[in-house]
Amino acid sequence: MTAIPSFTGDANPYGGGDPYADYRTADFPFTHHADLADRRLGAGVIAANDEFFAQRENLLVPERAEFDPEHFGHKGKIMDGWETRRRRGASAGHPWPTADDHDWALIRLGAPGVVRGIVVDTAHFRGNYPQAVSIEGTSVAGSPSPEELLADDVKWTTLVPRTPVGGHAANGFAVDVEQRFTHLRVNQHPDGGIARLRVYGEVVPDPKWLAALGTFDVVALENGGGVEDASDLFYSPATNTIQPGRSRKMDDGWETRRRRDQGNDWIRYRLAEQSEIRAIEIDTAYLKGNSAGWASVSVKDGEAGEWREILPRTRLQPDTNHRFVLPEPAVGTHARVDIYPDGGISRLRLHGSLTAEGAARLTARHQELGG
């Protein structure tokens with residue numbers, strides 16, 4: 001495993017110009033996983049003990065934090081993040097917070113799963129970031145209230161121990177806990193501000209829910225599908241193609257750079273488990289002058305399986321949702337969409353259901369992870 005760069009201490013005061021010019025960041029080895037705390041998956045910040053200066057909901061805004069040096073309100077400087085007031089001690093004789101004093105926020109993951117890494121982003125919090133952070137996780141079925149999550153009988157597991165962080169920096173933490181989590185508790189010691197929170201991991205769906213649905217999108221991120229690789233990620237991530245809902249703008253899909261050779265672009269997916277696919281949707285919403293010209297879909301069963309085409313190369317129209325009913329069901333664990341010669345698609349939907357073998361494996365993994 002690559003060592004995780006760490007940042008501590010204040011950043012320089014903002015001196016004008018590009019506020020990200022001196023931002024401290026690094027390439028973290030876990031960011032190829034899905035963001036389990038993505039608002040598009042249904043994630044939310046359901047409670048916080050304090051949000052005096054800046055609202056807790058800012059933690060999960062998908063865009064990077066913005067900074068306006070002239071933006072002040074009646075409570076003070078308005079920051080694009082979650083910021084608490086300065087903690088104080090109990091008396092004039094001891095005006096400092098205790099070692100245990102901290103602020104917290106409760107995060108509902110949009111898709112429960114195994115956490116592989118977390119980024120606590122303190123962008124623009126240069127002298128008002130927390131001294132340290134710690135993060136815990138729990139798994140609670142249903143839709144628990146904040147009061148239920150904070151009850152004494154709820155077991156929390158440490159994902160990130162109390163660790164110093166730096167201001168105006170992307171603070172990354174690899175996580176090595178093989179459990180399925182539904183909620184996180186983010187603690188900042190003793191107080192301060194965090195701009196954004198990203199929780200990277202593998203979605204582990206509830207097999208009982210999928211069984212009740214019957215037919216569902218077996219490649220969807222929220223159902224446990226994922227992107228394994230893609231030929232080109234120049235303009236946008238391939239994971240966009242399996243996000244919930246329809247694309248709402250051009251960069252909410254997958255678009256490649258312009259090819260100048262005789263090749264083609266592709267995305268390879270891992271399905272929720274072994275599935276029987278009966279229908280396909282390929283959507284090019286908002287891709288008008290840059291949609292893929294043609295597309296084909298193939299599947300394979302198992303890592304060592306052979307690829308077989310289930311949708312032959314088919315002409316696509318710009319800004320259109322294309323639907324195909326397969327002449328016979330296709331069984332597989334992986335899928336690949338090839339586009340010709342380049343361009344983009346906004347969404348791929350593979351409608352079907354788990355096979356008996358796939359359902360049994362998914363149920364076993366769900367139980368092993370404490371689901």
# chains A, B, ... in the order shown; residues from 1 in each chain; ligands from 1
$ residues_around --residues "Glu303 (chain A)" --least-positions-apart "6" --cutoff "10 Å" --atoms "only C-alpha atoms" --output "ChimeraX atom specification"
/A:270,333-334
$ residues_around --residues "Pro97 (chain A)" --least-positions-apart "4" --cutoff "9 Å" --atoms "only C-alpha atoms" --output "list in words"
Arg87, Arg88, Gly89, Ala90, Asp101, His102 and Pro190 of chain A
$ select_by_dssp --residues "region 68-131 of chain A" --states "strand (DSSP E)" --output "list in words"
Phe72, Gly73, Gly76, Lys77, Trp82, Glu83, Asp103, Trp104, Ala105, Leu106, Ile107, Arg108, Leu109, Gly110, Ala111, Pro112, Gly113, Val114, Val115, Arg116, Gly117, Ile118, Val119, Val120 and Asp121 of chain A
$ residues_around --residues "region 305-315 of chain A" --least-positions-apart "4" --cutoff "7 Å" --atoms "only C-alpha atoms" --output "ChimeraX atom specification"
/A:293-301
$ select_by_dssp --residues "region 6-198 of chain A" --states "alpha helix (DSSP H)" --output "PDB file with N, CA and C atoms, in the first residue's frame"
ATOM      1  N   PRO A 146     -31.260  10.650  14.679  1.00  0.00           N
ATOM      2  CA  PRO A 146     -30.016  10.982  15.389  1.00  0.00           C
ATOM      3  C   PRO A 146     -30.025  10.480  16.829  1.00  0.00           C
ATOM      4  N   GLU A 147     -31.180  10.576  17.501  1.00  0.00           N
ATOM      5  CA  GLU A 147     -31.264  10.131  18.890  1.00  0.00           C
ATOM      6  C   GLU A 147     -31.017   8.628  18.992  1.00  0.00           C
ATOM      7  N   GLU A 148     -31.538   7.878  18.028  1.00  0.00           N
ATOM      8  CA  GLU A 148     -31.324   6.426  18.038  1.00  0.00           C
ATOM      9  C   GLU A 148     -29.862   6.084  17.779  1.00  0.00           C
ATOM     10  N   LEU A 149     -29.211   6.819  16.900  1.00  0.00           N
ATOM     11  CA  LEU A 149     -27.804   6.557  16.611  1.00  0.00           C
ATOM     12  C   LEU A 149     -26.906   6.891  17.799  1.00  0.00           C
TER      13      LEU A 149
END
$ residues_around --residues "Ala174 (chain A)" --least-positions-apart "5" --cutoff "8 Å" --atoms "only C-alpha atoms" --output "list in words"
Ile4, Phe30, Arg116, Gly117 and Ile118 of chain A
$ closest_residue --among "A:Gly253, A:Gly214, A:Pro327, A:Pro237" --to "Gly352 (chain A)" --atoms "only C-alpha atoms"
A:Gly214
$ atom_distance --atom1 "CA of Thr182 (chain A)" --atom2 "CA of Gly137 (chain A)"
7.5 Å
$ closest_residue --among "A:Lys249, A:Leu287, A:Arg259, A:Ile339" --to "Ala230 (chain A)" --atoms "only C-alpha atoms"
A:Ile339
$ residues_around --residues "region 44-50 of chain A" --least-positions-apart "3" --cutoff "8 Å" --atoms "only C-alpha atoms" --output "ChimeraX atom specification"
/A:37,39,56-57,59-60,83-85,103-110,146
$ write_last_selection --atoms "N, CA, C and O atoms" --output "short mmCIF file (atom, residue, chain, number, x, y, z; two decimals), in the first residue's frame"
data_model
loop_
_atom_site.label_atom_id
_atom_site.label_comp_id
_atom_site.auth_asym_id
_atom_site.auth_seq_id
_atom_site.Cartn_x
_atom_site.Cartn_y
_atom_site.Cartn_z
N ALA A 37 -20.62 8.53 0.38
CA ALA A 37 -21.30 9.68 0.96
C ALA A 37 -21.75 10.67 -0.12
O ALA A 37 -21.93 11.86 0.16
N ARG A 39 -24.22 12.64 -2.34
CA ARG A 39 -25.61 13.06 -2.21
C ARG A 39 -26.50 12.40 -3.26
O ARG A 39 -27.69 12.16 -3.01
N ARG A 56 -23.67 22.22 8.38
CA ARG A 56 -23.14 20.87 8.26
C ARG A 56 -23.37 20.27 6.88
O ARG A 56 -22.58 19.47 6.39
N GLU A 57 -24.47 20.66 6.21
CA GLU A 57 -24.80 20.08 4.90
C GLU A 57 -23.72 20.35 3.85
O GLU A 57 -23.62 19.62 2.85
N LEU A 59 -20.73 19.74 3.98
CA LEU A 59 -19.73 18.67 3.95
C LEU A 59 -19.85 17.79 2.71
O LEU A 59 -18.85 17.30 2.19
N LEU A 60 -21.08 17.56 2.23
CA LEU A 60 -21.30 16.60 1.15
C LEU A 60 -21.63 17.26 -0.19
O LEU A 60 -22.02 16.56 -1.13
N GLU A 83 -18.50 24.60 10.01
CA GLU A 83 -17.62 25.26 10.96
C GLU A 83 -18.35 25.53 12.27
O GLU A 83 -19.44 26.11 12.28
N THR A 84 -17.72 25.14 13.36
CA THR A 84 -18.28 25.33 14.70
C THR A 84 -17.63 26.54 15.37
O THR A 84 -16.58 27.03 14.95
N ARG A 85 -18.27 27.00 16.44
CA ARG A 85 -17.71 28.14 17.19
C ARG A 85 -16.46 27.69 17.97
O ARG A 85 -16.19 26.49 18.10
N ASP A 103 -16.29 18.47 18.65
CA ASP A 103 -17.56 18.64 17.94
C ASP A 103 -17.77 17.43 17.03
O ASP A 103 -16.81 16.76 16.63
N TRP A 104 -19.03 17.17 16.68
CA TRP A 104 -19.31 15.97 15.89
C TRP A 104 -20.44 16.21 14.89
O TRP A 104 -21.28 17.10 15.07
N ALA A 105 -20.43 15.39 13.86
CA ALA A 105 -21.51 15.37 12.87
C ALA A 105 -21.80 13.92 12.51
O ALA A 105 -20.89 13.09 12.42
N LEU A 106 -23.08 13.60 12.31
CA LEU A 106 -23.52 12.26 11.93
C LEU A 106 -23.82 12.23 10.43
O LEU A 106 -24.59 13.05 9.93
N ILE A 107 -23.22 11.27 9.75
CA ILE A 107 -23.36 11.13 8.30
C ILE A 107 -24.11 9.85 7.99
O ILE A 107 -23.72 8.77 8.43
N ARG A 108 -25.18 9.96 7.21
CA ARG A 108 -25.85 8.77 6.67
C ARG A 108 -25.25 8.48 5.29
O ARG A 108 -25.30 9.33 4.40
N LEU A 109 -24.63 7.32 5.13
CA LEU A 109 -24.08 6.97 3.83
C LEU A 109 -25.21 6.77 2.83
O LEU A 109 -26.26 6.21 3.16
N GLY A 110 -24.98 7.21 1.61
CA GLY A 110 -25.99 7.03 0.57
C GLY A 110 -26.14 5.58 0.17
O GLY A 110 -27.22 5.12 -0.19
N PRO A 146 -31.26 10.65 14.68
CA PRO A 146 -30.02 10.98 15.39
C PRO A 146 -30.02 10.48 16.83
O PRO A 146 -29.01 10.00 17.33
#
$ closest_residue --among "A:Gly224, A:Pro164, A:Pro13, A:Gly201" --to "Asp176 (chain A)" --atoms "only C-alpha atoms"
A:Gly201
$ residues_around --residues "Arg40 (chain A)" --least-positions-apart "2" --cutoff "12 Å" --atoms "only C-alpha atoms" --output "ChimeraX atom specification"
/A:34-38,42-44,60-62,109-111,221-222,240,242-248,252
$ write_last_selection --atoms "N, CA, C and O atoms" --output "mmCIF file, in the first residue's frame"
data_model
loop_
_atom_site.group_PDB
_atom_site.id
_atom_site.type_symbol
_atom_site.label_atom_id
_atom_site.label_comp_id
_atom_site.auth_asym_id
_atom_site.auth_seq_id
_atom_site.Cartn_x
_atom_site.Cartn_y
_atom_site.Cartn_z
ATOM 1 N N ALA A 34 -16.080 4.159 -5.286
ATOM 2 C CA ALA A 34 -17.221 5.072 -5.260
ATOM 3 C C ALA A 34 -17.242 5.871 -3.967
ATOM 4 O O ALA A 34 -16.773 5.408 -2.925
ATOM 5 N N ASP A 35 -17.804 7.082 -4.024
ATOM 6 C CA ASP A 35 -17.998 7.894 -2.830
ATOM 7 C C ASP A 35 -19.316 7.472 -2.191
ATOM 8 O O ASP A 35 -20.407 7.808 -2.676
ATOM 9 N N LEU A 36 -19.237 6.730 -1.097
ATOM 10 C CA LEU A 36 -20.434 6.237 -0.419
ATOM 11 C C LEU A 36 -21.243 7.366 0.209
ATOM 12 O O LEU A 36 -22.421 7.180 0.537
ATOM 13 N N ALA A 37 -20.619 8.527 0.378
ATOM 14 C CA ALA A 37 -21.304 9.679 0.961
ATOM 15 C C ALA A 37 -21.747 10.673 -0.120
ATOM 16 O O ALA A 37 -21.927 11.857 0.160
ATOM 17 N N ASP A 38 -21.956 10.190 -1.325
ATOM 18 C CA ASP A 38 -22.405 11.031 -2.437
ATOM 19 C C ASP A 38 -23.889 11.366 -2.248
ATOM 20 O O ASP A 38 -24.711 10.478 -2.030
ATOM 21 N N GLY A 42 -28.069 9.436 -2.012
ATOM 22 C CA GLY A 42 -28.971 9.607 -0.877
ATOM 23 C C GLY A 42 -28.283 9.893 0.440
ATOM 24 O O GLY A 42 -28.918 9.835 1.500
ATOM 25 N N ALA A 43 -26.991 10.199 0.410
ATOM 26 C CA ALA A 43 -26.267 10.505 1.644
ATOM 27 C C ALA A 43 -26.744 11.830 2.233
ATOM 28 O O ALA A 43 -27.275 12.692 1.526
ATOM 29 N N GLY A 44 -26.531 11.994 3.535
ATOM 30 C CA GLY A 44 -26.919 13.240 4.184
ATOM 31 C C GLY A 44 -26.200 13.427 5.505
ATOM 32 O O GLY A 44 -25.740 12.461 6.112
ATOM 33 N N LEU A 60 -21.080 17.563 2.228
ATOM 34 C CA LEU A 60 -21.305 16.605 1.154
ATOM 35 C C LEU A 60 -21.626 17.256 -0.189
ATOM 36 O O LEU A 60 -22.021 16.563 -1.132
ATOM 37 N N VAL A 61 -21.463 18.565 -0.298
ATOM 38 C CA VAL A 61 -21.662 19.221 -1.595
ATOM 39 C C VAL A 61 -20.681 18.616 -2.593
ATOM 40 O O VAL A 61 -19.486 18.486 -2.300
ATOM 41 N N PRO A 62 -21.149 18.190 -3.768
ATOM 42 C CA PRO A 62 -20.246 17.479 -4.695
ATOM 43 C C PRO A 62 -19.121 18.331 -5.274
ATOM 44 O O PRO A 62 -18.032 17.836 -5.547
ATOM 45 N N LEU A 109 -24.634 7.320 5.133
ATOM 46 C CA LEU A 109 -24.078 6.974 3.830
ATOM 47 C C LEU A 109 -25.212 6.773 2.826
ATOM 48 O O LEU A 109 -26.255 6.210 3.155
ATOM 49 N N GLY A 110 -24.979 7.207 1.609
ATOM 50 C CA GLY A 110 -25.988 7.025 0.574
ATOM 51 C C GLY A 110 -26.135 5.583 0.168
ATOM 52 O O GLY A 110 -27.218 5.121 -0.192
ATOM 53 N N ALA A 111 -25.035 4.849 0.220
ATOM 54 C CA ALA A 111 -25.022 3.427 -0.097
ATOM 55 C C ALA A 111 -24.177 2.739 0.968
ATOM 56 O O ALA A 111 -22.969 2.986 1.044
ATOM 57 N N LEU A 221 -24.677 1.615 -9.324
ATOM 58 C CA LEU A 221 -23.799 1.819 -8.170
ATOM 59 C C LEU A 221 -24.532 1.544 -6.864
ATOM 60 O O LEU A 221 -24.010 0.879 -5.965
ATOM 61 N N GLU A 222 -25.756 2.025 -6.739
ATOM 62 C CA GLU A 222 -26.509 1.866 -5.494
ATOM 63 C C GLU A 222 -26.883 0.415 -5.226
ATOM 64 O O GLU A 222 -27.206 0.048 -4.092
ATOM 65 N N ASN A 240 -19.894 7.921 -13.458
ATOM 66 C CA ASN A 240 -21.115 8.691 -13.709
ATOM 67 C C ASN A 240 -22.170 7.859 -14.428
ATOM 68 O O ASN A 240 -23.370 8.085 -14.254
ATOM 69 N N ILE A 242 -23.241 4.960 -13.984
ATOM 70 C CA ILE A 242 -24.065 4.072 -13.163
ATOM 71 C C ILE A 242 -24.598 4.781 -11.918
ATOM 72 O O ILE A 242 -25.004 4.151 -10.955
ATOM 73 N N GLN A 243 -24.599 6.124 -11.958
ATOM 74 C CA GLN A 243 -25.190 6.908 -10.880
ATOM 75 C C GLN A 243 -26.715 6.862 -10.978
ATOM 76 O O GLN A 243 -27.268 6.600 -12.048
ATOM 77 N N PRO A 244 -27.418 7.138 -9.874
ATOM 78 C CA PRO A 244 -28.887 7.163 -9.926
ATOM 79 C C PRO A 244 -29.409 8.287 -10.813
ATOM 80 O O PRO A 244 -28.752 9.314 -11.004
ATOM 81 N N GLY A 245 -30.603 8.093 -11.340
ATOM 82 C CA GLY A 245 -31.291 9.136 -12.084
ATOM 83 C C GLY A 245 -30.688 9.400 -13.445
ATOM 84 O O GLY A 245 -29.659 8.847 -13.827
ATOM 85 N N ARG A 246 -31.342 10.262 -14.191
ATOM 86 C CA ARG A 246 -30.841 10.664 -15.498
ATOM 87 C C ARG A 246 -29.849 11.811 -15.360
ATOM 88 O O ARG A 246 -29.909 12.599 -14.417
ATOM 89 N N SER A 247 -28.940 11.898 -16.300
ATOM 90 C CA SER A 247 -27.988 12.999 -16.322
ATOM 91 C C SER A 247 -28.728 14.324 -16.466
ATOM 92 O O SER A 247 -29.737 14.408 -17.168
ATOM 93 N N ARG A 248 -28.207 15.360 -15.799
ATOM 94 C CA ARG A 248 -28.836 16.672 -15.847
ATOM 95 C C ARG A 248 -28.014 17.709 -16.604
ATOM 96 O O ARG A 248 -28.465 18.822 -16.831
ATOM 97 N N ASP A 252 -22.247 15.327 -16.412
ATOM 98 C CA ASP A 252 -22.801 14.323 -15.506
ATOM 99 C C ASP A 252 -22.845 12.946 -16.167
ATOM 100 O O ASP A 252 -23.521 12.046 -15.699
#
$ closest_residue --among "A:Trp209, A:Tyr20, A:Phe53, A:Phe125" --to "His168 (chain A)" --atoms "only C-alpha atoms"
A:Phe125
